[in-house]
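Asker: Provided below: model_27.json, containing JSON, C-alpha atoms and all ligand atoms.
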[["chain", "number", "residue", "atom", "x", "y", "z"],
["U", 1, "MET", "CA", 116.22, 82.54, 145.88],
["U", 2, "THR", "CA", 119.32, 82.75, 143.74],
["U", 3, "GLY", "CA", 122.71, 81.05, 143.79],
["U", 4, "ARG", "CA", 123.95, 78.50, 146.30],
["U", 5, "GLN", "CA", 121.75, 78.08, 149.31],
["U", 6, "ASP", "CA", 124.20, 78.74, 152.13],
["U", 7, "ARG", "CA", 122.53, 78.29, 155.50],
["U", 8, "PHE", "CA", 123.31, 79.73, 158.88],
["U", 9, "ASP", "CA", 122.09, 77.80, 161.89],
["U", 10, "LEU", "CA", 119.26, 79.70, 163.56],
["U", 11, "SER", "CA", 117.54, 76.73, 165.16],
["U", 12, "GLY", "CA", 115.90, 77.52, 168.47],
["U", 13, "ARG", "CA", 115.65, 81.23, 167.64],
["U", 14, "VAL", "CA", 112.48, 83.30, 167.36],
["U", 15, "ALA", "CA", 112.77, 85.94, 164.63],
["U", 16, "LEU", "CA", 110.41, 88.84, 163.90],
["U", 17, "VAL", "CA", 110.63, 90.73, 160.61],
["U", 18, "THR", "CA", 108.69, 93.94, 159.94],
["U", 19, "GLY", "CA", 107.40, 94.70, 156.45],
["U", 20, "ALA", "CA", 107.82, 90.97, 155.82],
["U", 21, "ALA", "CA", 105.23, 90.72, 153.04],
["U", 22, "GLY", "CA", 107.30, 92.99, 150.78],
["U", 23, "GLY", "CA", 110.11, 92.16, 148.37],
["U", 24, "VAL", "CA", 113.11, 91.84, 150.71],
["U", 25, "GLY", "CA", 111.00, 90.78, 153.70],
["U", 26, "ARG", "CA", 109.37, 87.77, 152.08],
["U", 27, "VAL", "CA", 112.68, 86.25, 151.00],
["U", 28, "THR", "CA", 114.22, 87.07, 154.39],
["U", 29, "VAL", "CA", 111.53, 85.24, 156.37],
["U", 30, "ARG", "CA", 111.81, 82.25, 154.05],
["U", 31, "ARG", "CA", 115.57, 82.14, 154.57],
["U", 32, "LEU", "CA", 115.27, 82.59, 158.35],
["U", 33, "ALA", "CA", 112.76, 79.72, 158.50],
["U", 34, "ALA", "CA", 114.94, 77.54, 156.26],
["U", 35, "SER", "CA", 117.80, 78.22, 158.70],
["U", 36, "GLY", "CA", 115.71, 76.81, 161.55],
["U", 37, "ALA", "CA", 114.23, 79.94, 163.15],
["U", 38, "ALA", "CA", 110.59, 80.18, 164.19],
["U", 39, "VAL", "CA", 109.46, 83.29, 162.35],
["U", 40, "ALA", "CA", 106.89, 86.00, 162.99],
["U", 41, "VAL", "CA", 106.01, 87.26, 159.53],
["U", 42, "THR", "CA", 104.68, 90.74, 160.28],
["U", 43, "ASP", "CA", 103.36, 93.46, 158.03],
["U", 44, "VAL", "CA", 100.73, 96.19, 158.03],
["U", 45, "GLU", "CA", 99.16, 94.06, 155.26],
["U", 46, "GLU", "CA", 97.76, 91.25, 157.41],
["U", 47, "LYS", "CA", 96.66, 88.97, 154.57],
["U", 48, "GLY", "CA", 100.04, 89.16, 152.86],
["U", 49, "ALA", "CA", 101.75, 88.21, 156.13],
["U", 50, "GLN", "CA", 99.37, 85.36, 156.87],
["U", 51, "ASP", "CA", 99.48, 83.91, 153.35],
["U", 52, "LEU", "CA", 103.27, 83.95, 153.39],
["U", 53, "ALA", "CA", 103.41, 82.32, 156.84],
["U", 54, "ALA", "CA", 101.05, 79.61, 155.59],
["U", 55, "GLU", "CA", 103.35, 78.97, 152.59],
["U", 56, "ILE", "CA", 106.40, 78.68, 154.89],
["U", 57, "THR", "CA", 104.51, 76.30, 157.18],
["U", 58, "ALA", "CA", 103.41, 74.20, 154.20],
["U", 59, "ASP", "CA", 107.08, 73.97, 153.16],
["U", 60, "GLY", "CA", 107.98, 72.57, 156.60],
["U", 61, "GLY", "CA", 109.06, 75.80, 158.35],
["U", 62, "ARG", "CA", 107.67, 77.32, 161.54],
["U", 63, "ALA", "CA", 105.95, 80.66, 160.96],
["U", 64, "ILE", "CA", 102.99, 82.77, 161.98],
["U", 65, "GLY", "CA", 101.56, 85.74, 160.11],
["U", 66, "LEU", "CA", 100.63, 88.86, 162.07],
["U", 67, "ARG", "CA", 99.43, 92.36, 161.38],
["U", 68, "LEU", "CA", 102.01, 94.68, 162.91],
["U", 69, "ASP", "CA", 101.92, 98.37, 162.03],
["U", 70, "VAL", "CA", 105.25, 99.88, 163.05],
["U", 71, "THR", "CA", 103.67, 103.35, 163.33],
["U", 72, "SER", "CA", 101.50, 102.22, 166.28],
["U", 73, "ALA", "CA", 103.05, 101.46, 169.67],
["U", 74, "ASP", "CA", 99.98, 99.35, 170.56],
["U", 75, "SER", "CA", 100.24, 97.33, 167.36],
["U", 76, "VAL", "CA", 103.97, 96.76, 167.96],
["U", 77, "SER", "CA", 103.49, 95.56, 171.55],
["U", 78, "GLU", "CA", 100.53, 93.35, 170.57],
["U", 79, "GLY", "CA", 102.54, 91.88, 167.67],
["U", 80, "PHE", "CA", 105.52, 91.03, 169.90],
["U", 81, "ALA", "CA", 103.21, 89.54, 172.56],
["U", 82, "SER", "CA", 101.45, 87.37, 169.94],
["U", 83, "ALA", "CA", 104.78, 86.24, 168.52],
["U", 84, "GLU", "CA", 106.01, 85.25, 171.97],
["U", 85, "ARG", "CA", 102.77, 83.45, 172.81],
["U", 86, "GLN", "CA", 102.46, 81.57, 169.52],
["U", 87, "LEU", "CA", 106.14, 80.81, 168.90],
["U", 88, "GLY", "CA", 106.93, 79.75, 172.47],
["U", 89, "GLY", "CA", 109.42, 82.43, 173.47],
["U", 90, "PRO", "CA", 110.38, 86.07, 173.15],
["U", 91, "VAL", "CA", 111.93, 87.50, 170.01],
["U", 92, "ASP", "CA", 115.67, 86.72, 169.71],
["U", 93, "VAL", "CA", 116.17, 88.26, 166.27],
["U", 94, "LEU", "CA", 114.51, 91.52, 165.23],
["U", 95, "VAL", "CA", 114.76, 92.68, 161.61],
["U", 96, "ASN", "CA", 113.62, 96.28, 161.11],
["U", 97, "ASN", "CA", 112.73, 96.24, 157.41],
["U", 98, "ALA", "CA", 109.39, 98.07, 156.89],
["U", 99, "ILE", "CA", 109.16, 101.10, 154.64],
["U", 100, "VAL", "CA", 106.28, 102.82, 152.95],
["U", 101, "ALA", "CA", 106.60, 103.71, 149.29],
["U", 102, "CYS", "CA", 105.32, 107.31, 148.95],
["U", 103, "PRO", "CA", 105.19, 109.39, 145.76],
["U", 104, "VAL", "CA", 108.21, 111.70, 145.89],
["U", 105, "PRO", "CA", 108.17, 115.13, 144.20],
["U", 106, "PRO", "CA", 111.10, 115.74, 141.85],
["U", 107, "ARG", "CA", 112.68, 118.49, 143.96],
["U", 108, "PHE", "CA", 113.47, 118.68, 147.67],
["U", 109, "HIS", "CA", 111.73, 122.06, 148.17],
["U", 110, "GLU", "CA", 108.47, 120.61, 146.80],
["U", 111, "ALA", "CA", 108.21, 117.79, 149.37],
["U", 112, "PRO", "CA", 105.27, 118.23, 151.74],
["U", 113, "GLU", "CA", 105.93, 117.96, 155.46],
["U", 114, "SER", "CA", 103.64, 114.91, 155.48],
["U", 115, "LEU", "CA", 106.21, 112.99, 153.39],
["U", 116, "TRP", "CA", 108.90, 113.70, 156.00],
["U", 117, "ASP", "CA", 106.48, 112.74, 158.78],
["U", 118, "THR", "CA", 105.69, 109.42, 157.10],
["U", 119, "ASP", "CA", 109.29, 108.43, 156.37],
["U", 120, "LEU", "CA", 110.50, 109.41, 159.83],
["U", 121, "ASP", "CA", 107.56, 107.70, 161.53],
["U", 122, "VAL", "CA", 107.74, 104.40, 159.62],
["U", 123, "ILE", "CA", 111.51, 104.11, 159.26],
["U", 124, "VAL", "CA", 112.99, 105.81, 162.34],
["U", 125, "LYS", "CA", 110.28, 105.69, 164.98],
["U", 126, "GLY", "CA", 109.08, 102.31, 163.69],
["U", 127, "ALA", "CA", 112.52, 100.81, 164.31],
["U", 128, "VAL", "CA", 112.73, 102.56, 167.67],
["U", 129, "ARG", "CA", 109.33, 101.20, 168.76],
["U", 130, "CYS", "CA", 110.28, 97.65, 167.76],
["U", 131, "ALA", "CA", 113.74, 97.81, 169.35],
["U", 132, "GLN", "CA", 112.36, 99.24, 172.60],
["U", 133, "THR", "CA", 109.79, 96.44, 172.71],
["U", 134, "ALA", "CA", 112.33, 93.69, 171.93],
["U", 135, "LEU", "CA", 115.16, 94.83, 174.22],
["U", 136, "PRO", "CA", 113.85, 94.06, 177.74],
["U", 137, "ALA", "CA", 113.46, 90.33, 177.02],
["U", 138, "MET", "CA", 116.80, 90.27, 175.18],
["U", 139, "MET", "CA", 118.49, 91.94, 178.19],
["U", 140, "ALA", "CA", 116.88, 89.45, 180.57],
["U", 141, "ARG", "CA", 118.26, 86.54, 178.49],
["U", 142, "GLY", "CA", 121.64, 88.16, 177.83],
["U", 143, "ASP", "CA", 121.27, 87.46, 174.12],
["U", 144, "GLY", "CA", 119.66, 89.03, 171.08],
["U", 145, "VAL", "CA", 120.27, 90.39, 167.61],
["U", 146, "ILE", "CA", 118.87, 93.44, 165.85],
["U", 147, "VAL", "CA", 119.40, 93.87, 162.11],
["U", 148, "ASN", "CA", 118.31, 97.17, 160.59],
["U", 149, "VAL", "CA", 117.79, 97.34, 156.84],
["U", 150, "VAL", "CA", 119.13, 100.71, 155.71],
["U", 151, "SER", "CA", 120.15, 101.80, 152.20],
["U", 152, "VAL", "CA", 122.99, 103.26, 150.17],
["U", 153, "ASN", "CA", 120.83, 106.41, 150.38],
["U", 154, "ALA", "CA", 122.06, 106.69, 153.99],
["U", 155, "VAL", "CA", 125.59, 107.52, 152.81],
["U", 156, "ALA", "CA", 125.17, 109.35, 149.50],
["U", 157, "PHE", "CA", 122.52, 111.18, 147.48],
["U", 158, "PHE", "CA", 120.55, 108.90, 145.16],
["U", 159, "GLY", "CA", 117.25, 110.81, 145.39],
["U", 160, "HIS", "CA", 114.43, 110.75, 147.97],
["U", 161, "PRO", "CA", 115.83, 113.05, 150.71],
["U", 162, "SER", "CA", 113.34, 112.17, 153.47],
["U", 163, "TYR", "CA", 113.83, 108.41, 153.02],
["U", 164, "SER", "CA", 117.60, 108.95, 152.87],
["U", 165, "ALA", "CA", 117.70, 111.04, 156.05],
["U", 166, "ALA", "CA", 115.58, 108.45, 157.84],
["U", 167, "LYS", "CA", 117.95, 105.67, 156.74],
["U", 168, "ALA", "CA", 120.96, 107.69, 157.93],
["U", 169, "ALA", "CA", 119.25, 108.03, 161.31],
["U", 170, "ILE", "CA", 118.95, 104.24, 161.51],
["U", 171, "VAL", "CA", 122.68, 103.86, 160.88],
["U", 172, "SER", "CA", 123.20, 106.05, 163.94],
["U", 173, "LEU", "CA", 120.60, 104.09, 165.91],
["U", 174, "THR", "CA", 122.40, 100.85, 165.01],
["U", 175, "ARG", "CA", 125.62, 102.17, 166.55],
["U", 176, "SER", "CA", 123.83, 103.44, 169.67],
["U", 177, "LEU", "CA", 122.19, 100.07, 170.25],
["U", 178, "ALA", "CA", 125.42, 98.15, 169.64],
["U", 179, "VAL", "CA", 127.32, 100.18, 172.22],
["U", 180, "GLU", "CA", 124.59, 100.62, 174.81],
["U", 181, "TYR", "CA", 123.47, 96.97, 174.82],
["U", 182, "GLY", "CA", 126.67, 95.11, 173.93],
["U", 183, "GLY", "CA", 127.19, 94.44, 177.65],
["U", 184, "TYR", "CA", 123.97, 92.40, 177.63],
["U", 185, "GLY", "CA", 125.20, 90.16, 174.81],
["U", 186, "ILE", "CA", 122.99, 91.98, 172.31],
["U", 187, "ARG", "CA", 124.33, 92.74, 168.83],
["U", 188, "ALA", "CA", 123.01, 95.42, 166.45],
["U", 189, "ASN", "CA", 124.04, 95.73, 162.82],
["U", 190, "ALA", "CA", 122.71, 97.16, 159.59],
["U", 191, "VAL", "CA", 122.65, 95.95, 156.01],
["U", 192, "SER", "CA", 122.85, 98.66, 153.37],
["U", 193, "PRO", "CA", 121.46, 97.59, 150.00],
["U", 194, "GLY", "CA", 121.70, 99.28, 146.62],
["U", 195, "THR", "CA", 118.88, 98.88, 144.08],
["U", 196, "ILE", "CA", 116.94, 95.67, 144.74],
["U", 197, "ARG", "CA", 114.27, 94.27, 142.43],
["U", 198, "THR", "CA", 111.17, 94.56, 144.66],
["U", 199, "PRO", "CA", 107.60, 95.90, 144.55],
["U", 200, "ALA", "CA", 108.90, 99.17, 146.03],
["U", 201, "TRP", "CA", 109.88, 99.98, 142.44],
["U", 202, "ASP", "CA", 106.49, 99.10, 140.87],
["U", 203, "GLU", "CA", 105.33, 102.69, 140.37],
["U", 204, "GLN", "CA", 108.62, 103.73, 138.77],
["U", 205, "ILE", "CA", 108.70, 100.61, 136.55],
["U", 206, "ALA", "CA", 105.14, 101.41, 135.40],
["U", 207, "LYS", "CA", 106.38, 104.86, 134.33],
["U", 208, "ASN", "CA", 109.60, 103.56, 132.75],
["U", 209, "PRO", "CA", 109.88, 99.79, 132.23],
["U", 210, "ALA", "CA", 113.61, 100.20, 131.38],
["U", 211, "THR", "CA", 114.44, 101.58, 134.84],
["U", 212, "PHE", "CA", 116.41, 98.53, 136.06],
["U", 213, "ASP", "CA", 118.35, 98.34, 132.76],
["U", 214, "ALA", "CA", 119.24, 102.01, 133.11],
["U", 215, "LEU", "CA", 120.34, 101.51, 136.71],
["U", 216, "LYS", "CA", 122.44, 98.39, 136.25],
["U", 217, "GLN", "CA", 125.13, 100.26, 134.27],
["U", 218, "TRP", "CA", 126.07, 102.06, 137.51],
["U", 219, "TYR", "CA", 126.81, 98.80, 139.32],
["U", 220, "PRO", "CA", 130.39, 97.52, 138.97],
["U", 221, "LEU", "CA", 129.09, 93.95, 139.39],
["U", 222, "GLY", "CA", 126.94, 94.53, 136.31],
["U", 223, "ARG", "CA", 123.49, 93.94, 137.75],
["U", 224, "ILE", "CA", 121.03, 95.30, 140.27],
["U", 225, "GLY", "CA", 120.40, 93.31, 143.45],
["U", 226, "GLU", "CA", 117.85, 90.60, 144.12],
["U", 227, "PRO", "CA", 116.01, 90.26, 147.45],
["U", 228, "ASP", "CA", 118.04, 87.18, 148.31],
["U", 229, "ASP", "CA", 121.27, 89.21, 148.17],
["U", 230, "VAL", "CA", 119.94, 91.14, 151.17],
["U", 231, "ALA", "CA", 118.22, 88.20, 152.88],
["U", 232, "ALA", "CA", 121.45, 86.17, 152.92],
["U", 233, "SER", "CA", 123.31, 89.05, 154.59],
["U", 234, "ILE", "CA", 120.58, 89.45, 157.19],
["U", 235, "CYS", "CA", 120.73, 85.74, 158.05],
["U", 236, "PHE", "CA", 124.51, 85.91, 158.36],
["U", 237, "LEU", "CA", 124.32, 88.87, 160.77],
["U", 238, "ALA", "CA", 121.55, 87.14, 162.74],
["U", 239, "SER", "CA", 123.64, 84.00, 163.17],
["U", 240, "ASP", "CA", 126.45, 83.06, 165.53],
["U", 241, "SER", "CA", 128.81, 83.23, 162.53],
["U", 242, "ALA", "CA", 128.65, 86.99, 163.17],
["U", 243, "ALA", "CA", 129.13, 86.60, 166.95],
["U", 244, "TRP", "CA", 131.74, 89.38, 167.20],
["U", 245, "ILE", "CA", 130.20, 91.71, 164.63],
["U", 246, "SER", "CA", 128.21, 94.55, 166.14],
["U", 247, "GLY", "CA", 127.77, 98.20, 165.28],
["U", 248, "SER", "CA", 128.62, 97.43, 161.64],
["U", 249, "VAL", "CA", 126.99, 98.46, 158.40],
["U", 250, "LEU", "CA", 127.31, 95.67, 155.83],
["U", 251, "THR", "CA", 127.12, 97.20, 152.36],
["U", 252, "VAL", "CA", 125.24, 94.97, 149.91],
["U", 253, "ASP", "CA", 125.40, 97.06, 146.75],
["U", 254, "GLY", "CA", 127.40, 95.36, 143.98],
["U", 255, "ALA", "CA", 130.21, 97.90, 144.64],
["U", 256, "LEU", "CA", 128.01, 100.91, 143.80],
["U", 257, "THR", "CA", 129.39, 103.03, 146.65],
["U", 258, "ALA", "CA", 132.96, 101.70, 146.39],
["U", 259, "GLY", "CA", 133.86, 104.42, 143.89],
["U", 260, "ASN", "CA", 133.01, 106.00, 140.59],
["U", 261, "ALA", "CA", 134.59, 104.55, 137.42],
["U", 262, "VAL", "CA", 133.02, 107.21, 135.16],
["U", 263, "MET", "CA", 134.71, 109.92, 137.23],
["U", 264, "ALA", "CA", 138.04, 108.04, 137.29],
["U", 265, "ARG", "CA", 137.99, 107.53, 133.49],
["U", 266, "SER", "CA", 137.16, 111.19, 132.90],
["U", 267, "VAL", "CA", 140.46, 112.03, 134.63],
["U", 268, "GLU", "CA", 142.40, 109.35, 132.71],
["U", 269, "GLY", "CA", 141.04, 110.77, 129.43],
["U", 270, "SER", "CA", 141.97, 114.37, 130.23],
["V", 301, "LIG", "N1", 114.15, 97.88, 146.90],
["V", 301, "LIG", "C1", 115.26, 98.58, 146.92],
["V", 301, "LIG", "O1", 115.80, 99.00, 145.88],
["V", 301, "LIG", "C2", 115.93, 98.88, 148.25],
["V", 301, "LIG", "C3", 117.16, 99.53, 148.23],
["V", 301, "LIG", "C4", 117.79, 99.82, 149.44],
["V", 301, "LIG", "C5", 117.19, 99.46, 150.62],
["V", 301, "LIG", "N2", 116.00, 98.83, 150.61],
["V", 301, "LIG", "C6", 115.40, 98.52, 151.90],
["V", 301, "LIG", "O2", 114.94, 97.18, 151.93],
["V", 301, "LIG", "C7", 113.83, 97.11, 152.85],
["V", 301, "LIG", "C8", 112.69, 96.40, 152.19],
["V", 301, "LIG", "O3", 112.29, 97.16, 151.04],
["V", 301, "LIG", "P1", 111.48, 96.50, 149.85],
["V", 301, "LIG", "O4", 112.08, 97.00, 148.61],
["V", 301, "LIG", "O5", 111.30, 95.06, 150.09],
["V", 301, "LIG", "O6", 110.09, 97.26, 150.05],
["V", 301, "LIG", "P2", 108.58, 96.76, 149.78],
["V", 301, "LIG", "O7", 107.80, 98.00, 149.46],
["V", 301, "LIG", "O8", 108.55, 95.64, 148.80],
["V", 301, "LIG", "O9", 108.13, 96.20, 151.20],
["V", 301, "LIG", "C9", 107.88, 97.04, 152.29],
["V", 301, "LIG", "C10", 106.86, 96.37, 153.18],
["V", 301, "LIG", "O10", 106.64, 97.20, 154.32],
["V", 301, "LIG", "C11", 105.25, 97.16, 154.62],
["V", 301, "LIG", "N3", 104.85, 98.32, 155.41],
["V", 301, "LIG", "C12", 104.53, 99.58, 154.97],
["V", 301, "LIG", "N4", 104.16, 100.35, 156.02],
["V", 301, "LIG", "C13", 104.24, 99.57, 157.13],
["V", 301, "LIG", "C14", 103.97, 99.79, 158.49],
["V", 301, "LIG", "N5", 103.51, 100.98, 158.93],
["V", 301, "LIG", "N6", 104.18, 98.77, 159.37],
["V", 301, "LIG", "C15", 104.63, 97.57, 158.93],
["V", 301, "LIG", "N7", 104.86, 97.29, 157.63],
["V", 301, "LIG", "C16", 104.70, 98.28, 156.75],
["V", 301, "LIG", "C17", 104.57, 97.11, 153.27],
["V", 301, "LIG", "O11", 103.24, 96.62, 153.37],
["V", 301, "LIG", "C18", 105.50, 96.18, 152.49],
["V", 301, "LIG", "O12", 105.09, 94.84, 152.58],
["V", 301, "LIG", "C19", 113.50, 98.55, 153.25],
["V", 301, "LIG", "O13", 114.05, 98.83, 154.50],
["V", 301, "LIG", "C20", 114.16, 99.35, 152.16],
["V", 301, "LIG", "O14", 114.52, 100.65, 152.58],
["V", 301, "LIG", "C21", 115.34, 98.53, 149.46]]
Turn the structure described in the file into structure tokens.

Answerer:
Amino acid sequence: MTGRQDRFDLSGRVALVTGAAGGVGRVTVRRLAASGAAVAVTDVEEKGAQDLAAEITADGGRAIGLRLDVTSADSVSEGFASAERQLGGPVDVLVNNAIVACPVPPRFHEAPESLWDTDLDVIVKGAVRCAQTALPAMMARGDGVIVNVVSVNAVAFFGHPSYSAAKAAIVSLTRSLAVEYGGYGIRANAVSPGTIRTPAWDEQIAKNPATFDALKQWYPLGRIGEPDDVAASICFLASDSAAWISGSVLTVDGALTAGNAVMARSVEGS
């Protein structure tokens, strides 16, 4: 974690995070647990999820590690049932975070249909499966929070068209959920990160170790993001501090999408 350790009170809550063994996920579950939530650390990589849950437990938090593959309705419903059984109550806070890092061809017209199928299945249908599984218990209790992790790719072109389109769909889903379930006391929001230093970049970094240095020049705040930048925003949206925030997209991008200084200066210089 970086910076001051601000905490939001999530005691008494059960949180489930998908893709929790990855870069953003692992810091998010640690922060949720440190804020008092009982956490289901779920990932398609079972060992990663279980090892991380064991670390959180050893540090005094309450966590279980589960294999949950968001592309399988059976796996999703089994994962939620296990979380409820082992953590003593249904999921109050759902964080849809899983993605799969696929090799992306350089040009849109070269992308195989299978790439689109994977991104839409993991990102869009995965979030839909998890939300549909979580909602009935949230409706019954009249309380619940869904946080969808999207991306700046949802609002502008930064490469990877299938991933970007899937993330844009989740922005729309966030708004649908917020409006349709607000009457049940359920909130739905999204966080929209820019470049974050996580294993999702490993393949690119292996090809060009200077990738993050090249990218940071585009960020007005002068650096790329760290997983904790996103995790802190997720915990805020999950907490009662965000009690009247629903249907929002919280941009967490070091001002990347706030404007374009290079473009502005090119006009000044003309
Ligand atoms: N890293 C970035 O630069 C960046 C930028 C913007 C948004 N984001 C978003 O942040 C979130 C986390 O990304 P990350 O960088 O930590 O990625 P990551 O690759 O480090 O982690 C993704 C995790 O998802 C898991 N996963 C893959 N397929 C799955 C499936 N079918 N079911 C369940 N889990 C599955 C993986 O095992 C992995 O642990 C994603 O939603 C991503 O779009 C990341």

Asker: May I have the protein, DNA and RNA residues with any atom at most 10 Å from the point (122.6, 95.1, 169.6), counting all atoms listed in the file, written as a ChimeraX atom specification?

Answerer: /U:93-94,131,135,138,143-147,173-189,245-247

Asker: Per residue of chain U within 8 Å of ligand LIG 301 (chain V), record the nearest atom pair and its distance in Å to one decimal, counting all atoms listed in the file, with rows in chain order and ascending residue number, as CSV.

Answerer:
residue,atom,partner,partner_atom,distance
U:Thr18,CA,V:LIG301,C15,5.5
U:Gly19,CA,V:LIG301,O10,3.4
U:Ala20,CA,V:LIG301,O12,5.7
U:Ala21,CA,V:LIG301,O12,4.1
U:Gly22,CA,V:LIG301,O9,3.3
U:Gly23,CA,V:LIG301,O5,3.6
U:Val24,CA,V:LIG301,O5,3.7
U:Gly25,CA,V:LIG301,O5,5.6
U:Arg26,CA,V:LIG301,O5,7.8
U:Thr42,CA,V:LIG301,C15,7.0
U:Asp43,CA,V:LIG301,N7,4.1
U:Val44,CA,V:LIG301,C15,4.2
U:Glu45,CA,V:LIG301,O11,5.2
U:Gly48,CA,V:LIG301,O12,7.6
U:Arg67,CA,V:LIG301,C15,7.8
U:Leu68,CA,V:LIG301,C15,5.6
U:Asp69,CA,V:LIG301,N6,3.5
U:Val70,CA,V:LIG301,N6,4.0
U:Thr71,CA,V:LIG301,N5,5.0
U:Ser72,CA,V:LIG301,N5,7.7
U:Asn96,CA,V:LIG301,O13,7.1
U:Asn97,CA,V:LIG301,O13,4.1
U:Ala98,CA,V:LIG301,O10,3.9
U:Ile99,CA,V:LIG301,O10,4.7
U:Val100,CA,V:LIG301,C12,4.2
U:Ala101,CA,V:LIG301,O7,5.8
U:Val122,CA,V:LIG301,N5,5.5
U:Ile123,CA,V:LIG301,O13,7.5
U:Gly126,CA,V:LIG301,N6,7.4
U:Asn148,CA,V:LIG301,O13,7.6
U:Val149,CA,V:LIG301,O13,4.7
U:Val150,CA,V:LIG301,O13,5.6
U:Ser151,CA,V:LIG301,C5,4.1
U:Val152,CA,V:LIG301,C4,6.3
U:Asn153,CA,V:LIG301,C4,7.3
U:Tyr163,CA,V:LIG301,O14,7.8
U:Lys167,CA,V:LIG301,O14,7.4
U:Ser192,CA,V:LIG301,C5,6.3
U:Pro193,CA,V:LIG301,C4,4.3
U:Gly194,CA,V:LIG301,C3,4.8
U:Thr195,CA,V:LIG301,O1,3.6
U:Ile196,CA,V:LIG301,O1,3.7
U:Arg197,CA,V:LIG301,N1,5.7
U:Thr198,CA,V:LIG301,O4,4.7
U:Pro199,CA,V:LIG301,O8,4.4
U:Ala200,CA,V:LIG301,O7,3.8
U:Trp201,CA,V:LIG301,N1,6.5
U:Gly225,CA,V:LIG301,O1,7.7
U:Pro227,CA,V:LIG301,O5,7.2
U:Val230,CA,V:LIG301,O2,7.9

Asker: So how many Å separate atom CA of U:Gly12 and atom CA of U:Pro90, to one decimal?

Answerer: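 These two atoms are separated by 11.2 Å.
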
Asker: Work out how far apart atom CA of U:Ala73 and atom CA of U:Gln50 are and give it in Å to one decimal.

Answerer: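 It comes out at 20.9 Å.
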
Asker: Report, in Å to a single decimal, how far apart atom CA of U:Ala210 and atom CA of U:Met263 are.

Answerer: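 Atom CA of U:Ala210 lies 24.0 Å from atom CA of U:Met263.
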
Asker: What lies within 12 Å of U:Ser35 using all atoms listed in the file, ignoring chain neighbours under 6 positions off, as a ChimeraX atom specification?

Answerer: /U:5-15,28-29,60-62,231-232,234-236,238-239

Asker: Between U:Asp229, U:Val124, U:Glu110, U:Thr133, which one has atoms that come closest to U:Arg31, using all atoms listed in the file?

Answerer: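 Counting all atoms listed in the file, the residue closest to U:Arg31 is U:Asp229.
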
Asker: Go through U:Gly79, U:Arg30, U:Ala38, U:Phe212 one by one, measure the shortest atom-to-atom distance of each to U:Ile56 using only C-alpha atoms, and give the residue with the smallest value.

Answerer: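 Ranked by minimum distance to U:Ile56, first place goes to U:Arg30.
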
Asker: List the spatial neighbours of U:Thr57 as a PyMOL selection string - criterion: any atom at most 12 Å away, all atoms listed in the file, same-chain residues fewer than 6 positions off excluded.

Answerer: chain U and resi 29-30+33-34+37-41+50-51+63-65

Asker: Deliver the residues from the most recent selection as a file, using C-alpha atoms, as a short mmCIF file (atom, residue, chain, number, x, y, z; two decimals), in the coordinates of the input.

Answerer:
data_model
loop_
_atom_site.label_atom_id
_atom_site.label_comp_id
_atom_site.auth_asym_id
_atom_site.auth_seq_id
_atom_site.Cartn_x
_atom_site.Cartn_y
_atom_site.Cartn_z
CA VAL U 29 111.53 85.24 156.37
CA ARG U 30 111.81 82.25 154.05
CA ALA U 33 112.76 79.72 158.50
CA ALA U 34 114.94 77.54 156.26
CA ALA U 37 114.23 79.94 163.15
CA ALA U 38 110.59 80.18 164.19
CA VAL U 39 109.46 83.29 162.35
CA ALA U 40 106.89 86.00 162.99
CA VAL U 41 106.01 87.26 159.53
CA GLN U 50 99.37 85.36 156.87
CA ASP U 51 99.48 83.91 153.35
CA ALA U 63 105.95 80.66 160.96
CA ILE U 64 102.99 82.77 161.98
CA GLY U 65 101.56 85.74 160.11
#

Asker: May I have the residues within 9 Å of U:His160 as number ranges by chain, using only C-alpha atoms and disregarding those fewer than 5 positions away in the same chain?

Answerer: U: 104-108, 153, 165

Asker: Taking (130.9, 100.2, 146.5) in the coordinates of the supplied file, I want to know which residues reach to within 10 Å of it, counting all atoms listed in the file; could you give the answer as a ChimeraX atom specification?

Answerer: /U:152,194,219-221,251-260

Asker: Around stretch 108-121 of chain U, fit a box with edges along x, y and z, padding it by 8 Å on each side, then list its centre and edge lengths in Å to one decimal as JSON.

Answerer:
{"center_x": 108.6, "center_y": 114.9, "center_z": 154.2, "size_x": 25.8, "size_y": 30.4, "size_z": 30.7}

Asker: Output as a compact mmCIF listing (two decimals), keeping the file's coordinate frame: stretch 133-137 of chain U, completed with N, CA, C and O atoms.

Answerer:
# COMPACT_ATOMS: atom_id res chain seq x y z
N THR U 133 110.65 97.55 172.28
CA THR U 133 109.79 96.44 172.71
C THR U 133 110.59 95.14 172.84
O THR U 133 110.37 94.35 173.76
N ALA U 134 111.55 94.95 171.93
CA ALA U 134 112.33 93.69 171.93
C ALA U 134 113.39 93.67 173.04
O ALA U 134 113.70 92.60 173.58
N LEU U 135 113.95 94.81 173.37
CA LEU U 135 115.16 94.83 174.22
C LEU U 135 114.99 94.26 175.63
O LEU U 135 115.89 93.53 176.09
N PRO U 136 113.91 94.57 176.36
CA PRO U 136 113.85 94.06 177.74
C PRO U 136 114.02 92.55 177.84
O PRO U 136 114.79 92.05 178.68
N ALA U 137 113.34 91.80 176.96
CA ALA U 137 113.46 90.33 177.02
C ALA U 137 114.86 89.90 176.58
O ALA U 137 115.44 88.95 177.13
